[in-house]
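A.B. asks: Before we start, here is the structure in question, set down as structure tokens.
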Amino acid sequence: MKHLLKMSDLTPGEVSHILDVADQLKAQQKAGGTPPLLAGKSVALMFSKNSTRTRNSFEVGVYQLGGLGHYMNAATELQQSGRGEPLKDTARVLGRYYDCVVWRTYRQCDLEEFAELAGVPVINGLTDYAHPCQVLADLMTIRERRGTLAGQKLCFVGDGSSMANSLIVGGLLAGMSVTCVCPRDYRPAADVVMFAHKYGEKFHLTTDPAEGVKDADVVVTAVWNTARPGTQDSEQRLRDFAGYQLTSSLLAAAKPDHMVLHCLPAHRGEEISTAVFEGHADEIFDEAENRLHVQKAVLAILLGGK
Ligand code: CP
């Protein structure tokens with residue numbers, strides 16, 4: 001593994017290795033601390049968009065591994081970039097200062113171009129196309145609670161954007177069967193659907209939430225009302241996603257011991273009811289915690305020789 005840009009860059013063996021290292025680092029952290037695998041290493045944490053979990057889990061994770069994590073608001077701190085310095089120059093400069101760059105940005109193509117030129121490992125902290133760090137944390141959470149991923153039935157309900165794209169690929173690579181439920185105009189990326197169809201009956205795409213959650217072991221959702229409240233776009237999304245809320249009555253069709261995951265932040269009353277969220281809060285906050293451990297594993301593999 002050279003970078004972590006999207007789930008389809010990984011092999012099933014690499015996914016499994018990341019989760020194994022994450023489990024080991026989590027156990028070591030709980031027992032007193034992890035070894036300083038990033039001693040003397042610097043990691044740029046570049047954010048072009050807001051973040052609570054990704055920013056804080058990377059900052060703490062780099063610190064726990066003995067490295068230096070430097071957070072940058074890409075809009076205000078990469079000042080020459082704001083004044084027109086090309087992305088390809090910023091990549092070539094930062095690659096000479098840092099040992100690794102984490103970047104949350106908009107376009108996957110910008111991240112991929114940055115990674116080609118930086119000369120150091122680059123990690124996707126979320127783009128409009130992919131959220132691999134989150135999905136690795138989801139897989140870790142499912143595996144630690146269920147003991148296995150192979151054969152589990154995963155169902156995603158929501159917007160077919162970055163989370164859906166990454167969960168579909170990650171779930172299939174991990175041996176799960178994956179159903180994606182989204183409205184007709186919010187389907188996952190075409191290349192992801194093509195990838196998934198290679199897995200035959202292990203992948204199912206539907207617009208019907210009741211059909212999708214039937215017999216699911218794990219149901220995942222994420223915010224679908226991403227527009228500013230009160231705007232026309234937000235009103236449109238509320239209409240388009242009517243019926244796509246995880247409610248107790250919808251989830252009655254899932255397996256009786258099903259898990260529910262949510263990458264957070266959660267909009268209660270939109271993609272998930274308060275009762276479902278609070279009923280599965282232990283799982284959801286384990287999932288948030290596991291961002292820390294799984295990202296430490298990715299850093300330890302890319303930079304620390306694990
Ligand atoms: N789930 C997630 O990526 O959270 P943040 O947007 O707070 O980083």
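Please note that chains go A, B, ... in the order of the structure tokens, that every chain numbers its residues from 1, and that ligands are numbered from 1 in the order shown.
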As a ChimeraX atom specification, please: every residue in region 20-180 of chain A that DSSP puts in alpha helix (DSSP H).
C.D. replies: /A:20-30,53-64,79-82,87-97,108-118,132-146,162-173
A.B. asks: How would the residues just chosen look if you wrote them out with C-alpha atoms as a PDB file, in the first residue's frame?
C.D. replies:
```
ATOM      1  CA  ASP A  20      -5.380  -6.735  12.376  1.00  0.00           C
ATOM      2  CA  VAL A  21      -2.887  -3.925  13.055  1.00  0.00           C
ATOM      3  CA  ALA A  22      -5.730  -1.685  14.277  1.00  0.00           C
ATOM      4  CA  ASP A  23      -6.886  -4.353  16.750  1.00  0.00           C
ATOM      5  CA  GLN A  24      -3.319  -4.747  17.997  1.00  0.00           C
ATOM      6  CA  LEU A  25      -2.781  -0.975  18.391  1.00  0.00           C
ATOM      7  CA  LYS A  26      -6.136  -0.593  20.154  1.00  0.00           C
ATOM      8  CA  ALA A  27      -5.234  -3.328  22.639  1.00  0.00           C
ATOM      9  CA  GLN A  28      -1.791  -1.757  23.219  1.00  0.00           C
ATOM     10  CA  GLN A  29      -3.316   1.706  23.723  1.00  0.00           C
ATOM     11  CA  LYS A  30      -5.794   0.334  26.283  1.00  0.00           C
ATOM     12  CA  ARG A  53     -13.756  13.218  14.112  1.00  0.00           C
ATOM     13  CA  THR A  54     -11.243  13.043  11.279  1.00  0.00           C
ATOM     14  CA  ARG A  55      -9.210  16.004  12.456  1.00  0.00           C
ATOM     15  CA  ASN A  56      -9.141  15.051  16.137  1.00  0.00           C
ATOM     16  CA  SER A  57      -8.582  11.325  15.628  1.00  0.00           C
ATOM     17  CA  PHE A  58      -5.648  11.965  13.297  1.00  0.00           C
ATOM     18  CA  GLU A  59      -4.096  14.586  15.620  1.00  0.00           C
ATOM     19  CA  VAL A  60      -4.354  12.305  18.649  1.00  0.00           C
ATOM     20  CA  GLY A  61      -3.331   9.217  16.665  1.00  0.00           C
ATOM     21  CA  VAL A  62      -0.132  10.792  15.321  1.00  0.00           C
ATOM     22  CA  TYR A  63       0.691  12.022  18.840  1.00  0.00           C
ATOM     23  CA  GLN A  64       0.131   8.554  20.358  1.00  0.00           C
ATOM     24  CA  GLN A  79      -2.262  31.170   1.747  1.00  0.00           C
ATOM     25  CA  GLN A  80      -0.461  31.049  -1.591  1.00  0.00           C
ATOM     26  CA  SER A  81      -2.858  28.363  -2.754  1.00  0.00           C
ATOM     27  CA  GLY A  82      -5.721  30.808  -2.086  1.00  0.00           C
ATOM     28  CA  LEU A  87      -2.154  22.389  -6.528  1.00  0.00           C
ATOM     29  CA  LYS A  88       0.700  20.548  -8.217  1.00  0.00           C
ATOM     30  CA  ASP A  89       3.220  23.002  -6.736  1.00  0.00           C
ATOM     31  CA  THR A  90       1.710  22.794  -3.237  1.00  0.00           C
ATOM     32  CA  ALA A  91       1.946  18.981  -3.461  1.00  0.00           C
ATOM     33  CA  ARG A  92       5.609  19.063  -4.495  1.00  0.00           C
ATOM     34  CA  VAL A  93       6.485  21.505  -1.699  1.00  0.00           C
ATOM     35  CA  LEU A  94       4.621  19.788   1.155  1.00  0.00           C
ATOM     36  CA  GLY A  95       6.025  16.423   0.077  1.00  0.00           C
ATOM     37  CA  ARG A  96       9.500  17.787   0.804  1.00  0.00           C
ATOM     38  CA  TYR A  97       8.585  18.855   4.358  1.00  0.00           C
ATOM     39  CA  GLN A 108     -11.202  12.948  -5.790  1.00  0.00           C
ATOM     40  CA  CYS A 109      -9.249  13.941  -8.913  1.00  0.00           C
ATOM     41  CA  ASP A 110      -7.491  16.714  -6.941  1.00  0.00           C
ATOM     42  CA  LEU A 111      -6.492  14.230  -4.236  1.00  0.00           C
ATOM     43  CA  GLU A 112      -5.233  11.745  -6.835  1.00  0.00           C
ATOM     44  CA  GLU A 113      -3.193  14.467  -8.589  1.00  0.00           C
ATOM     45  CA  PHE A 114      -1.749  15.569  -5.243  1.00  0.00           C
ATOM     46  CA  ALA A 115      -0.772  11.972  -4.424  1.00  0.00           C
ATOM     47  CA  GLU A 116       0.950  11.517  -7.789  1.00  0.00           C
ATOM     48  CA  LEU A 117       3.165  14.533  -7.196  1.00  0.00           C
ATOM     49  CA  ALA A 118       3.769  14.697  -3.436  1.00  0.00           C
ATOM     50  CA  PRO A 132     -11.929   5.043   3.207  1.00  0.00           C
ATOM     51  CA  CYS A 133     -10.843   5.869   6.778  1.00  0.00           C
ATOM     52  CA  GLN A 134     -14.466   5.833   7.927  1.00  0.00           C
ATOM     53  CA  VAL A 135     -15.252   2.568   6.193  1.00  0.00           C
ATOM     54  CA  LEU A 136     -12.179   0.863   7.647  1.00  0.00           C
ATOM     55  CA  ALA A 137     -13.418   1.958  11.096  1.00  0.00           C
ATOM     56  CA  ASP A 138     -16.860   0.549  10.258  1.00  0.00           C
ATOM     57  CA  LEU A 139     -15.367  -2.795   9.228  1.00  0.00           C
ATOM     58  CA  MET A 140     -13.232  -2.876  12.384  1.00  0.00           C
ATOM     59  CA  THR A 141     -16.318  -2.228  14.536  1.00  0.00           C
ATOM     60  CA  ILE A 142     -18.359  -4.940  12.853  1.00  0.00           C
ATOM     61  CA  ARG A 143     -15.507  -7.470  13.089  1.00  0.00           C
ATOM     62  CA  GLU A 144     -14.803  -6.799  16.767  1.00  0.00           C
ATOM     63  CA  ARG A 145     -18.485  -7.228  17.653  1.00  0.00           C
ATOM     64  CA  ARG A 146     -19.292 -10.130  15.336  1.00  0.00           C
ATOM     65  CA  SER A 162     -18.739   8.905  -0.572  1.00  0.00           C
ATOM     66  CA  MET A 163     -19.921   6.635   2.259  1.00  0.00           C
ATOM     67  CA  ALA A 164     -21.955   4.380  -0.014  1.00  0.00           C
ATOM     68  CA  ASN A 165     -19.160   4.163  -2.587  1.00  0.00           C
ATOM     69  CA  SER A 166     -16.599   3.173   0.038  1.00  0.00           C
ATOM     70  CA  LEU A 167     -18.867   0.812   2.002  1.00  0.00           C
ATOM     71  CA  ILE A 168     -19.889  -1.097  -1.102  1.00  0.00           C
ATOM     72  CA  VAL A 169     -16.278  -1.700  -2.116  1.00  0.00           C
ATOM     73  CA  GLY A 170     -14.987  -2.247   1.432  1.00  0.00           C
ATOM     74  CA  GLY A 171     -17.787  -4.632   2.379  1.00  0.00           C
ATOM     75  CA  LEU A 172     -17.333  -6.740  -0.749  1.00  0.00           C
ATOM     76  CA  LEU A 173     -13.533  -6.845  -0.345  1.00  0.00           C
TER      77      LEU A 173
END
```
A.B. asks: With only C-alpha atoms as the counted atoms, please give the residues lying no more than 10 Å from Ile301 (chain A), apart from itself and same-chain residues fewer than 2 positions off, as a list in words.
C.D. replies: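 Near Ile301 (chain A), the qualifying residues are Met1, Lys2, Glu14, His17, Ile18, Val21, Leu37, Gln295, Lys296, Ala297, Val298, Leu299, Leu303, Gly304, Gly305 and Lys306 of chain A.
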A.B. asks: Convert the current residue selection to file output with N, CA and C atoms, as a PDB file, in the first residue's frame.
C.D. replies:
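See part_13.pdb below for the written result:
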```pdb
ATOM      1  N   MET A   1       0.860  -1.202   0.000  1.00  0.00           N
ATOM      2  CA  MET A   1       0.000   0.000   0.000  1.00  0.00           C
ATOM      3  C   MET A   1       0.894   1.249   0.000  1.00  0.00           C
ATOM      4  N   LYS A   2       0.668   2.130  -1.015  1.00  0.00           N
ATOM      5  CA  LYS A   2       1.493   3.336  -1.146  1.00  0.00           C
ATOM      6  C   LYS A   2       0.763   4.562  -0.576  1.00  0.00           C
ATOM      7  N   GLU A  14      -4.941  -6.637   2.167  1.00  0.00           N
ATOM      8  CA  GLU A  14      -4.537  -5.364   2.785  1.00  0.00           C
ATOM      9  C   GLU A  14      -5.604  -4.861   3.754  1.00  0.00           C
ATOM     10  N   HIS A  17      -5.194  -6.902   6.836  1.00  0.00           N
ATOM     11  CA  HIS A  17      -3.983  -6.522   7.570  1.00  0.00           C
ATOM     12  C   HIS A  17      -4.188  -5.207   8.340  1.00  0.00           C
ATOM     13  N   ILE A  18      -4.826  -4.225   7.697  1.00  0.00           N
ATOM     14  CA  ILE A  18      -5.085  -2.946   8.390  1.00  0.00           C
ATOM     15  C   ILE A  18      -5.919  -3.210   9.651  1.00  0.00           C
ATOM     16  N   VAL A  21      -3.795  -4.880  12.387  1.00  0.00           N
ATOM     17  CA  VAL A  21      -2.887  -3.925  13.055  1.00  0.00           C
ATOM     18  C   VAL A  21      -3.702  -2.981  13.951  1.00  0.00           C
ATOM     19  N   LEU A  37       5.980   4.404  16.725  1.00  0.00           N
ATOM     20  CA  LEU A  37       6.287   3.995  15.345  1.00  0.00           C
ATOM     21  C   LEU A  37       6.480   5.179  14.401  1.00  0.00           C
ATOM     22  N   GLN A 295      -6.918   4.481  11.836  1.00  0.00           N
ATOM     23  CA  GLN A 295      -6.032   5.445  11.171  1.00  0.00           C
ATOM     24  C   GLN A 295      -4.607   5.312  11.685  1.00  0.00           C
ATOM     25  N   LYS A 296      -4.455   4.991  12.973  1.00  0.00           N
ATOM     26  CA  LYS A 296      -3.107   4.704  13.480  1.00  0.00           C
ATOM     27  C   LYS A 296      -2.516   3.509  12.726  1.00  0.00           C
ATOM     28  N   ALA A 297      -3.363   2.515  12.456  1.00  0.00           N
ATOM     29  CA  ALA A 297      -2.880   1.334  11.720  1.00  0.00           C
ATOM     30  C   ALA A 297      -2.431   1.730  10.319  1.00  0.00           C
ATOM     31  N   VAL A 298      -3.212   2.570   9.653  1.00  0.00           N
ATOM     32  CA  VAL A 298      -2.848   2.994   8.290  1.00  0.00           C
ATOM     33  C   VAL A 298      -1.519   3.745   8.340  1.00  0.00           C
ATOM     34  N   LEU A 299      -1.372   4.643   9.307  1.00  0.00           N
ATOM     35  CA  LEU A 299      -0.104   5.399   9.437  1.00  0.00           C
ATOM     36  C   LEU A 299       1.052   4.456   9.756  1.00  0.00           C
ATOM     37  N   LEU A 303       4.047   4.327   7.239  1.00  0.00           N
ATOM     38  CA  LEU A 303       5.262   5.041   7.697  1.00  0.00           C
ATOM     39  C   LEU A 303       6.064   4.293   8.743  1.00  0.00           C
ATOM     40  N   GLY A 304       5.442   3.343   9.411  1.00  0.00           N
ATOM     41  CA  GLY A 304       6.097   2.751  10.591  1.00  0.00           C
ATOM     42  C   GLY A 304       6.531   1.315  10.414  1.00  0.00           C
ATOM     43  N   GLY A 305       6.492   0.815   9.174  1.00  0.00           N
ATOM     44  CA  GLY A 305       7.008  -0.522   8.907  1.00  0.00           C
ATOM     45  C   GLY A 305       6.155  -1.657   9.429  1.00  0.00           C
ATOM     46  N   LYS A 306       4.888  -1.425   9.718  1.00  0.00           N
ATOM     47  CA  LYS A 306       4.020  -2.529  10.214  1.00  0.00           C
ATOM     48  C   LYS A 306       3.524  -3.379   9.059  1.00  0.00           C
TER      49      LYS A 306
END
```
A.B. asks: Find the residues around Glu271 (chain A) up to 7 Å (only C-alpha atoms counted), leave out those fewer than 3 positions away in its own chain, and share them as a list in words.
C.D. replies: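 Here the qualifying residues turn out to be Thr221, Ala222, Val223, Trp224, Tyr244, Gln245, Leu246, His267 and Arg268 of chain A.
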A.B. asks: Do a neighbour search on Val101 (chain A) at 7 Å with only C-alpha atoms, toss out local chain neighbours closer than 3 positions, and write the hits as a PDB file with C-alpha atoms, in the first residue's frame.
C.D. replies:
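Written output follows (around.pdb):
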```pdb
ATOM      1  CA  VAL A  43       2.162  14.367   9.105  1.00  0.00           C
ATOM      2  CA  ALA A  44       0.362  17.272   7.409  1.00  0.00           C
ATOM      3  CA  LEU A  45      -3.352  17.326   8.266  1.00  0.00           C
ATOM      4  CA  TYR A  98       6.267  16.103   5.543  1.00  0.00           C
ATOM      5  CA  PRO A 121       2.009   8.715   1.180  1.00  0.00           C
ATOM      6  CA  VAL A 122      -1.306  10.557   0.954  1.00  0.00           C
ATOM      7  CA  ILE A 123      -4.429   9.592   2.923  1.00  0.00           C
TER       8      ILE A 123
END
```
A.B. asks: State, in Å with one decimal place, the distance from CA of Pro183 (chain A) to CA of Val218 (chain A).
C.D. replies: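 Separating CA of Pro183 (chain A) from CA of Val218 (chain A) is a distance of 19.8 Å.
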A.B. asks: Could you tell me how far CA of Gly175 (chain A) lies from CA of Leu149 (chain A), in Å and to one decimal?
C.D. replies: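 Going from CA of Gly175 (chain A) over to CA of Leu149 (chain A) covers 6.4 Å.
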A.B. asks: Write out as a Markdown table the residues of region 87-138 of chain A that have any atom within 12 Å of an atom of region 186-206 of chain A, one row each with the nearest atom pair and its distance in Å to one decimal, counting only C-alpha atoms, sorted by chain and then rising number.
C.D. replies:
```
| residue | atom | partner | partner_atom | distance |
| --- | --- | --- | --- | --- |
| A:Asp128 | CA | A:Ala189 | CA | 10.4 |
| A:Tyr129 | CA | A:Ala189 | CA | 7.7 |
| A:Ala130 | CA | A:Ala189 | CA | 10.0 |
```
A.B. asks: May I have all residues of region 55-201 of chain A that DSSP, computed from the backbone, assigns to strand (DSSP E), given as a PyMOL selection string?
C.D. replies: chain A and resi 68-73+100-104+122-124+153-157+177-181
A.B. asks: Selection from above, N, CA and C atoms, as a PDB file, in the first residue's frame, can you write it?
C.D. replies:
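This went into part.pdb:
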```
ATOM      1  N   LEU A  68       4.678  14.060  14.770  1.00  0.00           N
ATOM      2  CA  LEU A  68       4.149  15.418  14.801  1.00  0.00           C
ATOM      3  C   LEU A  68       3.034  15.521  13.770  1.00  0.00           C
ATOM      4  N   GLY A  69       1.833  15.869  14.219  1.00  0.00           N
ATOM      5  CA  GLY A  69       0.720  16.107  13.297  1.00  0.00           C
ATOM      6  C   GLY A  69       0.469  17.595  13.234  1.00  0.00           C
ATOM      7  N   HIS A  70       0.505  18.171  12.043  1.00  0.00           N
ATOM      8  CA  HIS A  70       0.291  19.615  11.921  1.00  0.00           C
ATOM      9  C   HIS A  70      -1.001  19.884  11.164  1.00  0.00           C
ATOM     10  N   TYR A  71      -2.003  20.412  11.884  1.00  0.00           N
ATOM     11  CA  TYR A  71      -3.303  20.715  11.276  1.00  0.00           C
ATOM     12  C   TYR A  71      -3.228  22.016  10.481  1.00  0.00           C
ATOM     13  N   MET A  72      -3.786  21.981   9.289  1.00  0.00           N
ATOM     14  CA  MET A  72      -3.880  23.205   8.484  1.00  0.00           C
ATOM     15  C   MET A  72      -5.283  23.357   7.939  1.00  0.00           C
ATOM     16  N   ASN A  73      -5.895  24.503   8.198  1.00  0.00           N
ATOM     17  CA  ASN A  73      -7.107  24.865   7.477  1.00  0.00           C
ATOM     18  C   ASN A  73      -6.639  25.268   6.077  1.00  0.00           C
ATOM     19  N   CYS A 100       4.040  12.446   5.302  1.00  0.00           N
ATOM     20  CA  CYS A 100       2.717  11.941   4.904  1.00  0.00           C
ATOM     21  C   CYS A 100       1.751  13.127   4.909  1.00  0.00           C
ATOM     22  N   VAL A 101       0.768  13.083   4.028  1.00  0.00           N
ATOM     23  CA  VAL A 101      -0.251  14.138   4.004  1.00  0.00           C
ATOM     24  C   VAL A 101      -1.636  13.496   4.088  1.00  0.00           C
ATOM     25  N   VAL A 102      -2.436  13.983   5.028  1.00  0.00           N
ATOM     26  CA  VAL A 102      -3.859  13.629   5.093  1.00  0.00           C
ATOM     27  C   VAL A 102      -4.606  14.834   4.533  1.00  0.00           C
ATOM     28  N   TRP A 103      -5.526  14.602   3.606  1.00  0.00           N
ATOM     29  CA  TRP A 103      -6.241  15.745   3.015  1.00  0.00           C
ATOM     30  C   TRP A 103      -7.726  15.453   2.931  1.00  0.00           C
ATOM     31  N   ARG A 104      -8.523  16.346   3.494  1.00  0.00           N
ATOM     32  CA  ARG A 104      -9.982  16.343   3.270  1.00  0.00           C
ATOM     33  C   ARG A 104     -10.286  17.445   2.276  1.00  0.00           C
ATOM     34  N   VAL A 122      -0.176   9.641   0.782  1.00  0.00           N
ATOM     35  CA  VAL A 122      -1.306  10.557   0.954  1.00  0.00           C
ATOM     36  C   VAL A 122      -2.530   9.742   1.394  1.00  0.00           C
ATOM     37  N   ILE A 123      -3.246  10.271   2.373  1.00  0.00           N
ATOM     38  CA  ILE A 123      -4.429   9.592   2.923  1.00  0.00           C
ATOM     39  C   ILE A 123      -5.653  10.464   2.673  1.00  0.00           C
ATOM     40  N   ASN A 124      -6.714   9.833   2.184  1.00  0.00           N
ATOM     41  CA  ASN A 124      -7.974  10.529   1.926  1.00  0.00           C
ATOM     42  C   ASN A 124      -8.733  10.738   3.248  1.00  0.00           C
ATOM     43  N   LYS A 153     -24.344  -9.760   6.306  1.00  0.00           N
ATOM     44  CA  LYS A 153     -25.130  -8.996   5.332  1.00  0.00           C
ATOM     45  C   LYS A 153     -25.182  -7.523   5.753  1.00  0.00           C
ATOM     46  N   LEU A 154     -24.550  -6.699   4.939  1.00  0.00           N
ATOM     47  CA  LEU A 154     -24.436  -5.260   5.214  1.00  0.00           C
ATOM     48  C   LEU A 154     -25.428  -4.519   4.325  1.00  0.00           C
ATOM     49  N   CYS A 155     -26.153  -3.575   4.926  1.00  0.00           N
ATOM     50  CA  CYS A 155     -27.096  -2.775   4.140  1.00  0.00           C
ATOM     51  C   CYS A 155     -26.848  -1.297   4.405  1.00  0.00           C
ATOM     52  N   PHE A 156     -26.594  -0.534   3.366  1.00  0.00           N
ATOM     53  CA  PHE A 156     -26.462   0.921   3.493  1.00  0.00           C
ATOM     54  C   PHE A 156     -27.745   1.557   2.993  1.00  0.00           C
ATOM     55  N   VAL A 157     -28.292   2.501   3.782  1.00  0.00           N
ATOM     56  CA  VAL A 157     -29.507   3.223   3.380  1.00  0.00           C
ATOM     57  C   VAL A 157     -29.180   4.712   3.352  1.00  0.00           C
ATOM     58  N   SER A 177     -21.868  -9.591   2.067  1.00  0.00           N
ATOM     59  CA  SER A 177     -22.772  -9.265   0.965  1.00  0.00           C
ATOM     60  C   SER A 177     -23.317  -7.868   1.269  1.00  0.00           C
ATOM     61  N   VAL A 178     -23.492  -7.077   0.217  1.00  0.00           N
ATOM     62  CA  VAL A 178     -23.783  -5.652   0.405  1.00  0.00           C
ATOM     63  C   VAL A 178     -25.023  -5.264  -0.394  1.00  0.00           C
ATOM     64  N   THR A 179     -25.962  -4.622   0.303  1.00  0.00           N
ATOM     65  CA  THR A 179     -27.122  -4.025  -0.354  1.00  0.00           C
ATOM     66  C   THR A 179     -27.050  -2.522  -0.169  1.00  0.00           C
ATOM     67  N   CYS A 180     -27.248  -1.797  -1.252  1.00  0.00           N
ATOM     68  CA  CYS A 180     -27.263  -0.336  -1.174  1.00  0.00           C
ATOM     69  C   CYS A 180     -28.664   0.141  -1.529  1.00  0.00           C
ATOM     70  N   VAL A 181     -29.257   0.904  -0.608  1.00  0.00           N
ATOM     71  CA  VAL A 181     -30.614   1.419  -0.808  1.00  0.00           C
ATOM     72  C   VAL A 181     -30.538   2.929  -0.940  1.00  0.00           C
TER      73      VAL A 181
END
```
A.B. asks: Of the candidates A:Leu10, A:Thr52, A:Gln152, A:Gly40, which one gets nearest to ligand 1 if we count only C-alpha atoms and all ligand atoms?
C.D. replies: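 Among the listed residues, the smallest separation from ligand 1 belongs to A:Thr52.
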A.B. asks: Could you tell me which of A:Met7, A:Met259, A:Ala281, A:Leu292 comes closest to His131 (chain A) if we count only C-alpha atoms?
C.D. replies: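 Ranking A:Met7, A:Met259, A:Ala281, A:Leu292 by distance to His131 (chain A), first place goes to A:Met7.
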A.B. asks: Report, in Å with one decimal, the straight-line distance from CA of Gly147 (chain A) to CA of Pro256 (chain A).
C.D. replies: 17.5 Å
A.B. asks: Which of these, A:Leu264, A:Ala252, A:Leu5, A:Leu302, has the shortest distance to Thr127 (chain A) once you count only C-alpha atoms?
C.D. replies: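 Between A:Leu264, A:Ala252, A:Leu5, A:Leu302, the residue approaching Thr127 (chain A) most closely is A:Leu5.
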